[in-house]
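Data from start-v1.txt: compact mmCIF, C-alpha atoms and all ligand atoms
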```txt
# COMPACT_ATOMS: atom_id res chain seq x y z
CA MET A 2 0.00 0.00 0.00
CA THR A 3 1.32 3.49 -0.85
CA VAL A 4 0.78 5.80 2.10
CA ALA A 5 1.72 9.44 2.71
CA GLY A 6 2.59 10.62 6.20
CA VAL A 7 2.27 14.33 6.97
CA MET A 8 3.83 15.94 10.03
CA SER A 9 3.95 19.51 11.20
CA GLY A 10 5.47 19.63 14.64
CA THR A 11 5.88 21.83 17.65
CA SER A 12 8.61 23.94 16.00
CA ALA A 13 5.93 25.26 13.62
CA ASP A 14 8.66 25.53 10.98
CA GLY A 15 6.70 23.77 8.24
CA ILE A 16 5.29 20.53 6.88
CA ASP A 17 7.20 17.29 6.30
CA VAL A 18 5.70 14.76 3.89
CA ALA A 19 6.95 11.18 3.42
CA LEU A 20 5.72 8.77 0.76
CA VAL A 21 6.06 5.23 1.99
CA GLN A 22 5.45 1.83 0.41
CA ILE A 23 4.26 -0.53 3.16
CA ARG A 24 4.19 -4.28 2.53
CA PRO A 25 3.62 -7.27 4.80
CA LYS A 26 6.84 -9.26 5.31
CA GLY A 27 6.84 -12.43 7.41
CA ASN A 28 5.13 -11.55 10.69
CA GLY A 29 5.94 -7.88 10.29
CA LEU A 30 5.99 -5.08 7.75
CA LYS A 31 8.54 -3.73 5.31
CA LEU A 32 8.67 0.02 4.80
CA GLU A 33 10.28 1.63 1.81
CA LEU A 34 10.66 5.41 1.67
CA ILE A 35 9.78 6.52 -1.87
CA GLY A 36 10.45 10.19 -1.29
CA HIS A 37 10.17 12.96 1.25
CA GLU A 38 9.81 16.71 1.00
CA ALA A 39 9.78 19.64 3.42
CA PHE A 40 7.63 22.75 2.96
CA PRO A 41 8.42 25.70 5.23
CA PHE A 42 5.40 27.69 6.42
CA THR A 43 5.22 31.21 5.01
CA PRO A 44 6.18 33.78 7.69
CA VAL A 45 2.58 34.97 8.00
CA LEU A 46 1.23 31.43 8.48
CA ARG A 47 3.98 30.61 11.00
CA LYS A 48 3.08 33.75 12.93
CA VAL A 49 -0.61 32.83 13.25
CA ILE A 50 0.26 29.23 14.19
CA LEU A 51 2.57 30.38 16.96
CA SER A 52 0.01 32.83 18.26
CA ALA A 53 -2.72 30.13 18.17
CA MET A 54 -0.44 27.90 20.29
CA ASP A 55 -0.31 30.64 22.89
CA ALA A 56 -3.62 30.01 24.61
CA LYS A 57 -3.72 33.53 26.08
CA SER A 58 -3.52 35.36 22.77
CA THR A 59 -5.86 33.43 20.50
CA SER A 60 -9.59 33.58 19.72
CA THR A 61 -12.09 30.88 18.78
CA ALA A 62 -12.57 32.48 15.36
CA ASP A 63 -8.81 32.37 14.71
CA LEU A 64 -8.68 28.70 15.64
CA ALA A 65 -11.56 27.85 13.30
CA ARG A 66 -9.93 29.75 10.44
CA LEU A 67 -6.55 28.20 11.13
CA ASN A 68 -8.09 24.72 11.04
CA TRP A 69 -9.15 25.41 7.45
CA ARG A 70 -5.99 27.32 6.47
CA LEU A 71 -3.77 24.45 7.64
CA GLY A 72 -5.93 22.00 5.69
CA GLN A 73 -5.11 24.05 2.56
CA ALA A 74 -1.41 24.04 3.41
CA TYR A 75 -1.39 20.24 3.82
CA VAL A 76 -3.21 19.83 0.47
CA GLU A 77 -0.59 22.00 -1.29
CA ALA A 78 2.29 20.12 0.35
CA LEU A 79 0.85 16.73 -0.63
CA ARG A 80 0.13 17.84 -4.20
CA ALA A 81 3.69 19.14 -4.64
CA THR A 82 5.15 15.92 -3.18
CA VAL A 83 3.14 13.66 -5.46
CA LYS A 84 4.09 15.84 -8.44
CA ARG A 85 7.77 15.34 -7.63
CA HIS A 86 7.38 11.62 -6.87
CA PRO A 87 4.47 10.33 -8.99
CA VAL A 88 2.71 7.49 -7.13
CA ASN A 89 -0.76 6.08 -6.83
CA LEU A 90 -1.51 7.34 -3.34
CA GLN A 91 -3.95 5.13 -1.43
CA LEU A 92 -4.02 6.54 2.10
CA ILE A 93 -2.81 9.61 4.01
CA GLY A 94 -1.95 9.91 7.70
CA CYS A 95 -1.98 13.57 8.72
CA HIS A 96 -0.85 14.42 12.24
CA GLY A 97 -2.12 18.02 12.10
CA GLN A 98 -0.78 20.89 14.17
CA THR A 99 -0.83 20.54 17.94
CA ILE A 100 -2.51 23.65 19.28
CA TYR A 101 -2.78 22.53 22.88
CA HIS A 102 -1.57 19.49 24.75
CA GLN A 103 -2.07 18.57 28.38
CA GLY A 104 -1.00 14.97 28.80
CA ALA A 105 -1.65 14.69 32.55
CA THR A 106 -5.05 15.16 34.16
CA ALA A 107 -5.89 18.35 36.06
CA MET A 108 -9.08 19.82 37.55
CA TYR A 109 -11.29 21.70 35.10
CA ALA A 110 -14.93 22.77 35.66
CA GLY A 111 -15.36 20.40 38.56
CA ARG A 112 -13.87 17.28 36.92
CA THR A 113 -10.37 16.08 36.08
CA VAL A 114 -9.45 16.20 32.40
CA ALA A 115 -6.43 15.58 30.20
CA CYS A 116 -6.69 16.86 26.64
CA THR A 117 -4.92 17.30 23.33
CA TRP A 118 -5.88 19.11 20.14
CA GLN A 119 -4.45 18.79 16.63
CA ILE A 120 -5.99 20.82 13.83
CA GLY A 121 -5.91 20.89 9.98
CA GLU A 122 -9.29 20.04 8.44
CA PRO A 123 -9.15 16.46 7.04
CA ALA A 124 -12.33 16.91 4.96
CA LEU A 125 -10.39 19.34 2.77
CA LEU A 126 -7.61 16.82 2.20
CA ALA A 127 -10.00 13.97 1.42
CA ALA A 128 -12.01 16.05 -1.05
CA GLU A 129 -9.03 17.63 -2.79
CA LEU A 130 -6.80 14.54 -2.99
CA GLY A 131 -9.48 11.86 -3.41
CA VAL A 132 -7.85 9.59 -0.83
CA PRO A 133 -8.99 8.56 2.69
CA ILE A 134 -7.36 10.52 5.50
CA VAL A 135 -6.49 9.28 8.98
CA SER A 136 -6.17 12.16 11.45
CA ASN A 137 -6.64 13.00 15.14
CA PHE A 138 -4.34 10.19 16.28
CA ARG A 139 -3.75 11.15 19.90
CA PRO A 140 -7.13 11.17 21.74
CA ALA A 141 -7.79 7.40 21.58
CA ASP A 142 -4.57 6.79 23.52
CA MET A 143 -5.58 9.38 26.12
CA VAL A 144 -8.99 7.81 26.52
CA ALA A 145 -7.10 4.57 27.22
CA GLY A 146 -5.28 6.38 30.05
CA GLY A 147 -2.15 7.40 28.11
CA GLN A 148 -0.51 10.77 27.56
CA GLY A 149 -1.39 10.72 23.84
CA ALA A 150 2.34 10.99 23.07
CA PRO A 151 4.82 9.89 21.94
CA LEU A 152 3.39 7.87 19.03
CA VAL A 153 6.56 7.50 16.92
CA PRO A 154 7.82 4.52 19.03
CA LEU A 155 5.90 2.08 16.81
CA LEU A 156 8.03 3.14 13.81
CA ASP A 157 11.14 3.15 15.97
CA TYR A 158 10.49 -0.46 16.92
CA VAL A 159 9.61 -1.62 13.40
CA GLN A 160 12.72 0.01 11.90
CA PHE A 161 15.43 -0.09 14.55
CA ALA A 162 14.95 -3.05 16.97
CA ASP A 163 18.17 -5.08 17.16
CA ASN A 164 19.10 -8.43 18.70
CA LYS A 165 22.45 -7.39 20.17
CA ARG A 166 22.51 -3.62 20.56
CA ALA A 167 20.37 -1.30 22.67
CA ARG A 168 19.01 1.47 20.52
CA VAL A 169 17.97 4.93 21.68
CA LEU A 170 16.08 6.94 19.09
CA GLN A 171 16.37 10.60 20.00
CA ASN A 172 14.28 13.05 18.01
CA ILE A 173 15.15 16.73 18.38
CA GLY A 174 12.28 18.76 16.98
CA GLY A 175 10.64 21.61 18.89
CA ILE A 176 10.57 19.19 21.81
CA GLY A 177 13.09 16.40 22.36
CA ASN A 178 11.84 12.86 22.79
CA LEU A 179 13.46 9.45 23.01
CA THR A 180 12.60 5.80 22.58
CA LEU A 181 14.69 3.06 24.20
CA ILE A 182 14.60 -0.37 22.58
CA PRO A 183 16.59 -2.85 24.69
CA PRO A 184 18.33 -5.61 22.70
CA ALA A 185 16.22 -8.60 21.65
CA SER A 186 13.11 -7.28 23.34
CA GLY A 187 9.40 -7.26 22.51
CA ILE A 188 7.62 -3.97 21.86
CA ASN A 189 6.17 -4.10 25.39
CA LYS A 190 9.69 -3.63 26.84
CA LEU A 191 10.25 -0.34 25.04
CA ILE A 192 10.09 2.96 26.91
CA ALA A 193 9.67 6.40 25.41
CA PHE A 194 9.13 9.91 26.72
CA ASP A 195 9.78 13.56 26.02
CA THR A 196 13.17 14.74 27.30
CA GLY A 197 12.32 18.48 27.36
CA PRO A 198 13.04 21.31 24.94
CA GLY A 199 14.61 20.39 21.60
CA ASN A 200 14.96 23.48 19.41
CA MET A 201 12.03 25.39 20.85
CA VAL A 202 13.93 27.60 23.28
CA ILE A 203 16.85 28.15 20.86
CA ASP A 204 14.38 29.17 18.11
CA ALA A 205 12.50 31.60 20.37
CA LEU A 206 15.73 33.32 21.44
CA MET A 207 17.09 33.40 17.86
CA GLN A 208 13.93 35.20 16.77
CA GLN A 209 14.08 37.70 19.61
CA LEU A 210 17.85 38.38 19.62
CA PHE A 211 18.92 37.79 16.00
CA GLN A 212 15.62 38.06 14.01
CA LYS A 213 16.25 34.58 12.58
CA SER A 214 13.89 31.63 12.97
CA TYR A 215 16.68 29.20 13.99
CA ASP A 216 20.43 28.89 14.57
CA ARG A 217 21.59 27.43 11.24
CA SER A 218 24.16 24.66 11.89
CA GLY A 219 24.51 25.99 15.46
CA LYS A 220 26.82 28.79 14.25
CA ILE A 221 25.73 31.37 16.83
CA ALA A 222 25.87 28.82 19.66
CA SER A 223 29.46 28.00 18.66
CA ARG A 224 30.46 31.62 19.33
CA GLY A 225 29.14 31.98 22.89
CA HIS A 226 29.78 30.44 26.30
CA VAL A 227 27.55 28.35 28.52
CA ILE A 228 26.49 30.27 31.62
CA GLU A 229 26.59 27.40 34.12
CA SER A 230 24.50 29.08 36.83
CA VAL A 231 21.68 29.77 34.35
CA LEU A 232 21.91 26.22 33.04
CA SER A 233 21.57 24.71 36.50
CA ALA A 234 18.72 27.10 37.42
CA THR A 235 16.72 26.16 34.30
CA LEU A 236 17.41 22.44 34.81
CA LYS A 237 15.46 22.75 38.09
CA HIS A 238 12.19 22.78 36.11
CA PRO A 239 10.06 19.97 37.62
CA PHE A 240 9.54 18.37 34.18
CA PHE A 241 13.14 17.11 34.11
CA ARG A 242 12.88 15.13 37.34
CA ALA A 243 9.37 13.78 36.66
CA LYS A 244 9.41 10.06 35.91
CA PRO A 245 8.27 8.77 32.49
CA PRO A 246 5.79 8.45 30.91
CA LYS A 247 5.78 12.21 30.38
CA SER A 248 5.14 14.59 27.49
CA ALA A 249 5.79 18.29 27.03
CA GLY A 250 5.07 21.17 24.67
CA ARG A 251 4.95 24.94 24.44
CA GLU A 252 2.88 24.84 27.63
CA GLU A 253 6.14 24.01 29.50
CA PHE A 254 8.95 25.30 27.25
CA GLY A 255 7.32 28.05 25.16
CA ALA A 256 7.71 31.83 25.19
CA ALA A 257 7.52 32.30 28.99
CA PHE A 258 10.30 29.75 29.62
CA ALA A 259 12.57 31.29 26.94
CA GLU A 260 11.95 34.76 28.38
CA ARG A 261 12.98 33.57 31.86
CA LEU A 262 16.19 31.97 30.54
CA LEU A 263 17.08 35.18 28.69
CA GLN A 264 16.41 37.31 31.76
CA LEU A 265 18.73 35.11 33.86
CA CYS A 266 21.45 35.35 31.17
CA GLN A 267 21.13 39.14 31.09
CA GLU A 268 21.23 39.42 34.89
CA PHE A 269 24.51 37.52 34.70
CA GLY A 270 25.82 39.96 32.07
CA GLY A 271 25.89 37.34 29.29
CA SER A 272 25.94 38.29 25.60
CA ASN A 273 23.20 37.38 23.11
CA GLU A 274 25.45 34.58 21.82
CA ASP A 275 25.86 33.26 25.39
CA ALA A 276 22.06 33.02 25.69
CA ILE A 277 21.91 30.85 22.53
CA THR A 278 24.84 28.68 23.69
CA THR A 279 23.20 28.23 27.10
CA ALA A 280 19.83 27.29 25.54
CA THR A 281 21.66 24.78 23.31
CA ALA A 282 23.45 23.31 26.35
CA LEU A 283 20.09 23.04 28.11
CA THR A 284 18.85 20.74 25.33
CA ALA A 285 22.06 18.67 25.46
CA ASP A 286 22.07 18.46 29.27
CA SER A 287 18.39 17.59 29.58
CA ILE A 288 18.84 14.78 27.03
CA THR A 289 21.90 13.48 28.89
CA ARG A 290 20.10 13.65 32.22
CA ALA A 291 17.13 11.75 30.79
CA PHE A 292 19.52 9.06 29.51
CA LYS A 293 21.36 8.76 32.85
CA GLU A 294 18.30 8.75 35.09
CA PHE A 295 15.69 6.87 33.12
CA VAL A 296 17.46 4.85 30.41
CA GLN A 297 20.84 3.67 31.71
CA PRO A 298 19.42 1.99 34.85
CA ARG A 299 17.33 -0.25 32.58
CA LEU A 300 20.31 -1.53 30.63
CA LYS A 301 22.76 -4.26 31.62
CA SER A 302 26.28 -2.82 31.83
CA ASN A 303 28.52 -3.39 28.79
CA ILE A 304 25.62 -3.51 26.37
CA PRO A 305 26.52 -1.44 23.30
CA VAL A 306 24.18 1.53 22.87
CA ASP A 307 23.50 3.22 19.53
CA TYR A 308 22.18 6.72 20.21
CA ILE A 309 20.44 7.65 16.94
CA VAL A 310 19.44 11.29 16.46
CA SER A 311 16.74 12.59 14.09
CA GLY A 312 14.75 15.82 13.63
CA GLY A 313 15.98 19.29 12.70
CA GLY A 314 18.25 19.41 15.76
CA ALA A 315 20.52 16.80 14.13
CA LYS A 316 21.61 19.60 11.75
CA ASN A 317 22.79 21.79 14.63
CA LYS A 318 26.52 20.98 14.73
CA THR A 319 27.12 22.68 18.10
CA LEU A 320 24.28 20.72 19.69
CA MET A 321 25.54 17.45 18.16
CA ALA A 322 29.07 18.19 19.43
CA MET A 323 27.69 18.86 22.92
CA LEU A 324 25.79 15.57 22.81
CA GLN A 325 28.86 13.69 21.65
CA GLN A 326 30.90 15.16 24.49
CA ARG A 327 28.30 14.14 27.08
CA LEU A 328 27.04 10.80 25.74
CA GLU A 329 30.21 9.13 24.50
CA PRO A 330 31.74 8.84 27.99
CA LEU A 331 28.48 7.11 29.00
CA GLY A 332 29.14 4.37 26.41
CA CYS A 333 26.90 5.67 23.62
CA ASN A 334 27.75 5.54 19.94
CA LEU A 335 26.20 8.78 18.58
CA LEU A 336 24.70 8.46 15.09
CA GLU A 337 22.21 10.28 12.87
CA SER A 338 19.14 8.37 11.67
CA SER A 339 20.39 9.00 8.11
CA ASP A 340 23.35 6.71 8.95
CA ALA A 341 20.73 3.99 9.60
CA GLY A 342 18.76 4.64 6.40
CA ILE A 343 16.11 7.16 7.51
CA PRO A 344 16.74 10.82 6.64
CA VAL A 345 16.60 13.02 9.76
CA ASP A 346 13.71 15.07 8.33
CA ALA A 347 11.62 12.10 7.27
CA LYS A 348 11.26 9.95 10.38
CA GLU A 349 8.22 11.54 12.03
CA ALA A 350 6.33 11.86 8.72
CA MET A 351 7.10 8.18 7.98
CA ALA A 352 5.72 7.31 11.40
CA PHE A 353 2.36 8.88 10.58
CA ALA A 354 2.20 6.88 7.33
CA LEU A 355 2.73 3.71 9.38
CA LEU A 356 0.22 4.77 12.05
CA ALA A 357 -2.39 5.46 9.34
CA TYR A 358 -1.73 2.01 7.83
CA TYR A 359 -2.41 0.42 11.23
CA THR A 360 -5.65 2.37 11.70
CA TRP A 361 -6.81 1.49 8.18
CA HIS A 362 -6.32 -2.20 9.09
CA ARG A 363 -8.06 -1.70 12.47
CA ARG A 364 -4.89 -2.46 14.35
CA PRO A 365 -3.94 -0.71 17.59
CA ALA A 366 -0.80 1.40 17.15
CA ASN A 367 -0.13 3.08 20.48
CA VAL A 368 2.66 1.59 22.57
CA PRO A 369 1.23 1.47 26.10
CA SER A 370 4.68 1.26 27.74
CA ALA A 371 5.54 4.54 25.98
CA THR A 372 2.37 6.57 26.50
CA GLY A 373 1.28 5.09 29.83
CA ALA A 374 -1.99 3.81 28.34
CA LYS A 375 -3.70 0.94 30.13
CA ARG A 376 -4.49 -0.86 26.89
CA PRO A 377 -3.78 -0.88 23.16
CA ALA A 378 -5.99 1.50 21.14
CA ILE A 379 -6.88 1.94 17.48
CA LEU A 380 -5.81 5.51 16.81
CA GLY A 381 -7.51 8.30 14.93
CA GLN A 382 -10.47 8.93 12.70
CA ILE A 383 -10.94 8.18 9.02
CA THR A 384 -12.38 10.78 6.64
CA HIS A 385 -13.42 9.18 3.36
CA ALA A 386 -12.98 10.90 0.01
N1 LIG B 1 20.21 23.48 9.26
C1 LIG B 1 19.79 23.56 10.53
N2 LIG B 1 20.63 23.94 11.51
C2 LIG B 1 20.23 24.04 12.79
N3 LIG B 1 18.98 23.78 13.21
C3 LIG B 1 18.08 23.39 12.27
C4 LIG B 1 18.42 23.25 10.90
N4 LIG B 1 17.32 22.85 10.23
C5 LIG B 1 16.32 22.74 11.14
N5 LIG B 1 16.77 23.07 12.37
C6 LIG B 1 16.00 23.12 13.63
O1 LIG B 1 15.02 22.10 13.60
C7 LIG B 1 13.72 22.64 13.84
C8 LIG B 1 12.70 21.84 13.11
O2 LIG B 1 12.82 20.51 13.49
P1 LIG B 1 11.68 19.44 13.18
O3 LIG B 1 11.07 19.74 11.86
O4 LIG B 1 12.30 18.12 13.42
O5 LIG B 1 10.67 19.80 14.34
P2 LIG B 1 9.12 19.53 14.52
O6 LIG B 1 8.73 18.31 13.76
O7 LIG B 1 8.43 20.80 14.24
O8 LIG B 1 9.02 19.31 16.08
P3 LIG B 1 8.46 18.11 17.03
O9 LIG B 1 9.22 16.87 16.66
O10 LIG B 1 8.80 18.60 18.38
O11 LIG B 1 7.00 18.03 16.79
C9 LIG B 1 13.81 24.08 13.37
O12 LIG B 1 12.87 24.89 14.02
C10 LIG B 1 15.26 24.43 13.74
O13 LIG B 1 15.34 24.85 15.07
C1 LIG B 2 1.35 16.52 21.65
C2 LIG B 2 2.40 16.55 20.60
O1 LIG B 2 2.16 17.01 19.49
N1 LIG B 2 3.58 16.01 20.95
C3 LIG B 2 4.69 15.91 20.02
C4 LIG B 2 5.75 16.92 20.39
O2 LIG B 2 6.81 16.90 19.44
C5 LIG B 2 7.80 15.97 19.92
C6 LIG B 2 7.21 15.44 21.17
O3 LIG B 2 6.40 16.53 21.57
C7 LIG B 2 6.33 14.20 20.92
O4 LIG B 2 5.80 13.81 22.17
C8 LIG B 2 5.15 14.48 19.99
O5 LIG B 2 5.36 14.16 18.65
C9 LIG B 2 5.90 12.99 18.13
C10 LIG B 2 5.67 13.00 16.67
C11 LIG B 2 5.33 11.69 18.74
O6 LIG B 2 4.16 11.61 19.06
O7 LIG B 2 6.09 10.72 18.83
```
So, in terms of structure tokens, how does the structure I just supplied come out?
Amino acid sequence: MTVAGVMSGTSADGIDVALVQIRPKGNGLKLELIGHEAFPFTPVLRKVILSAMDAKSTSTADLARLNWRLGQAYVEALRATVKRHPVNLQLIGCHGQTIYHQGATAMYAGRTVACTWQIGEPALLAAELGVPIVSNFRPADMVAGGQGAPLVPLLDYVQFADNKRARVLQNIGGIGNLTLIPPASGINKLIAFDTGPGNMVIDALMQQLFQKSYDRSGKIASRGHVIESVLSATLKHPFFRAKPPKSAGREEFGAAFAERLLQLCQEFGGSNEDAITTATALTADSITRAFKEFVQPRLKSNIPVDYIVSGGGAKNKTLMAMLQQRLEPLGCNLLESSDAGIPVDAKEAMAFALLAYYTWHRRPANVPSATGAKRPAILGQITHA
């Protein structure tokens, strides 16, 4: 079956599309990536997405309009992808744009609720592309008692499980998240959770201090110094010590968090470059801490660990060097997912093609040990063309 996966993540940088051929093979599946393309959001669309993610500054009318506008953007991205890689598309899995995510329950209007919301009108995609759409993947996992995230672990397991080596799949998008697959283990032994900010804080500070949407190759970060006292103060955020399963978003590491980090840097007399270097070190340190506290204790000593990085953060050379410096002494072999056959930009989009395939075949696709769900769940809703 030829399936397209469409992802637009918490960085709000744009849309990734992956075209994947999925075939049954033995007891499992074989995935072949036919092509993948990235489509940056226009500055005006990025601006309204970011403001919609900031619950305090948005209106219901804006959200309704954005739902439609994103649907149009996904249609254009899919059309352009299929034009470049002509295929007979049979199914689309579209993650949508997360506007709000609260993975843990809290009191609201006299009851406890957890909630998540991804938008991008699927009816538009189905009508324009003439193919069934699977969307709204996260709620079914939450209803089953999970956090609704992360969902990529299914792909991680299908593609990267190994008999001899432990594999850690670290994605660095807006948020960082990891999946641990111990050697020769079933999918129920896998753990996965968000590690904290990925590029989100770096991006926010780059916009404010350098009027750029991100730190290309980590150039600015390579020019500054880490302000250790600010780093240790920001690492005190309760998210980092919370035990998995856990998920995060702009609610934890958005504009207010970046503002606080900048203020601390300025109080210390740091330069603008130092603020970017310190935010980059925060991502590297929070990933390392997550590995030490929640991953390493689950592994037998002397087991070789491949630490495989994907997402836009893999292109930040300063961040990758910081990770190498911290993770190698802990016995990790740092790689990029491209070294293992999956381009760093394509992994999450491929995952949503696979998740859609599962839903189409009425198969549960959440990984309860990753999301904290009490049971497997068939994810998402299908909109027919
Ligand atoms: N060449 C590059 N150099 C440095 N950083 C880069 C580069 N290209 C992309 N990035 C960073 O990667 C980010 C986008 O990453 P990605 O597309 O993986 O995130 P996402 O899918 O939006 O997020 P999430 O996985 O959290 O949902 C950009 O916002 C930028 O910070
Ligand atoms: C609610 C939400 O959109 N979460 C995203 C986000 O971006 C990264 C991290 O936080 C991860 O938990 C998740 O996305 C990936 C695709 C996942 O579900 O695995």
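Close contacts of Ser302 (chain A), defined as residues with an atom at most 12 Å away when counting all atoms listed in the file, with chain neighbours fewer than 3 positions off set aside, comprise Arg166, Ala167, Val296, Gln297, Pro298, Arg299, Pro305, Val306, Leu331, Gly332 and Cys333 of chain A.
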Give as a list in words each residue that has an atom at most 8 Å from (24.4, 35.0, 26.5) in the file, counting all atoms listed in the file.
Gly225, His226, Val227, Ile228, Leu263, Cys266, Gln267, Gly270, Gly271, Ser272, Asn273, Glu274, Asp275, Ala276, Ile277, Thr278 and Thr279 of chain A
Give me, as JSON, numbers by chain, the set of residues whose atoms come within 8 Å of any atom of ligand LIG 1 (chain B), counting only C-alpha atoms and all ligand atoms.
{"A": [8, 9, 10, 11, 12, 13, 14, 15, 16, 17, 172, 173, 174, 175, 176, 177, 178, 199, 200, 201, 203, 204, 214, 215, 216, 217, 218, 219, 250, 311, 312, 313, 314, 315, 316, 317, 318, 345, 346, 349]}
Selection within 10 Å of ligand LIG 2 (chain B) by only C-alpha atoms and all ligand atoms, output as a tab-separated table (two decimals) with C-alpha atoms, keeping the file's coordinate frame:
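Saved the output as result.tsv:
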```tsv
chain	number	residue	atom	x	y	z
A	8	MET	CA	3.83	15.94	10.03
A	9	SER	CA	3.95	19.51	11.20
A	10	GLY	CA	5.47	19.63	14.64
A	11	THR	CA	5.88	21.83	17.65
A	12	SER	CA	8.61	23.94	16.00
A	96	HIS	CA	-0.85	14.42	12.24
A	97	GLY	CA	-2.12	18.02	12.10
A	98	GLN	CA	-0.78	20.89	14.17
A	99	THR	CA	-0.83	20.54	17.94
A	100	ILE	CA	-2.51	23.65	19.28
A	101	TYR	CA	-2.78	22.53	22.88
A	102	HIS	CA	-1.57	19.49	24.75
A	103	GLN	CA	-2.07	18.57	28.38
A	104	GLY	CA	-1.00	14.97	28.80
A	116	CYS	CA	-6.69	16.86	26.64
A	117	THR	CA	-4.92	17.30	23.33
A	118	TRP	CA	-5.88	19.11	20.14
A	119	GLN	CA	-4.45	18.79	16.63
A	138	PHE	CA	-4.34	10.19	16.28
A	139	ARG	CA	-3.75	11.15	19.90
A	148	GLN	CA	-0.51	10.77	27.56
A	149	GLY	CA	-1.39	10.72	23.84
A	150	ALA	CA	2.34	10.99	23.07
A	151	PRO	CA	4.82	9.89	21.94
A	152	LEU	CA	3.39	7.87	19.03
A	153	VAL	CA	6.56	7.50	16.92
A	154	PRO	CA	7.82	4.52	19.03
A	155	LEU	CA	5.90	2.08	16.81
A	156	LEU	CA	8.03	3.14	13.81
A	157	ASP	CA	11.14	3.15	15.97
A	172	ASN	CA	14.28	13.05	18.01
A	173	ILE	CA	15.15	16.73	18.38
A	174	GLY	CA	12.28	18.76	16.98
A	175	GLY	CA	10.64	21.61	18.89
A	176	ILE	CA	10.57	19.19	21.81
A	177	GLY	CA	13.09	16.40	22.36
A	178	ASN	CA	11.84	12.86	22.79
A	179	LEU	CA	13.46	9.45	23.01
A	180	THR	CA	12.60	5.80	22.58
A	193	ALA	CA	9.67	6.40	25.41
A	194	PHE	CA	9.13	9.91	26.72
A	195	ASP	CA	9.78	13.56	26.02
A	196	THR	CA	13.17	14.74	27.30
A	197	GLY	CA	12.32	18.48	27.36
A	198	PRO	CA	13.04	21.31	24.94
A	199	GLY	CA	14.61	20.39	21.60
A	247	LYS	CA	5.78	12.21	30.38
A	248	SER	CA	5.14	14.59	27.49
A	249	ALA	CA	5.79	18.29	27.03
A	250	GLY	CA	5.07	21.17	24.67
A	251	ARG	CA	4.95	24.94	24.44
A	312	GLY	CA	14.75	15.82	13.63
A	348	LYS	CA	11.26	9.95	10.38
A	349	GLU	CA	8.22	11.54	12.03
A	350	ALA	CA	6.33	11.86	8.72
A	352	ALA	CA	5.72	7.31	11.40
A	353	PHE	CA	2.36	8.88	10.58
A	367	ASN	CA	-0.13	3.08	20.48
A	371	ALA	CA	5.54	4.54	25.98
A	372	THR	CA	2.37	6.57	26.50
```
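Using only C-alpha atoms, the shortest contact distance between Ala65 (chain A) and any of A:Leu206, A:Ile23, A:Ile120, A:Leu236 is found at A:Ile120.
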Using Å and a single decimal, report how far CA of Met351 (chain A) sits from CA of Leu336 (chain A).
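For CA of Leu336 (chain A) relative to CA of Met351 (chain A), the distance reads 19.0 Å.
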Quick one: of A:Ser339, A:Val114, A:Pro365, A:Ile383, who's nearest to Ala141 (chain A), counting all atoms listed in the file?
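With all atoms listed in the file as the atom set, the closest residue is A:Pro365.
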Which residue, A:Ala280, A:Ala257, A:Ala374, A:Ile343, has the smallest gap to Val231 (chain A) when you use all atoms listed in the file?
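For Val231 (chain A), the nearest of the given residues is A:Ala280.
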Using only C-alpha atoms, which residue out of A:Ala282, A:Met108, A:Met2, A:Leu300 lies closest to Lys190 (chain A)?
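The answer is A:Leu300, which sits nearest to Lys190 (chain A).
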CA of Phe295 (chain A) sits from CA of Ala107 (chain A) at a separation of 24.6 Å
Hey, which of A:Ser230, A:His37, A:Lys220, A:Thr59 ends up closest to Glu268 (chain A)? Count all atoms listed in the file.
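Counting all atoms listed in the file, the residue closest to Glu268 (chain A) is A:Ser230.
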Which of A:Gly36, A:Pro123, A:Pro377, A:Pro239 sits closest to Val83 (chain A) [using all atoms listed in the file]
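Of the candidates, the smallest distance to Val83 (chain A) is held by A:Gly36.
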Counting only C-alpha atoms, find the residues whose atoms lie at most 12 Å from (-2.2, 27.5, 4.5) (file coordinates) and write them out as a PyMOL selection string.
chain A and resi 15-16+40-50+66-78+98+121-122+125
Please report the interatomic distance between CA of Glu294 (chain A) and CA of Phe241 (chain A) in Å with one decimal.
9.9 Å
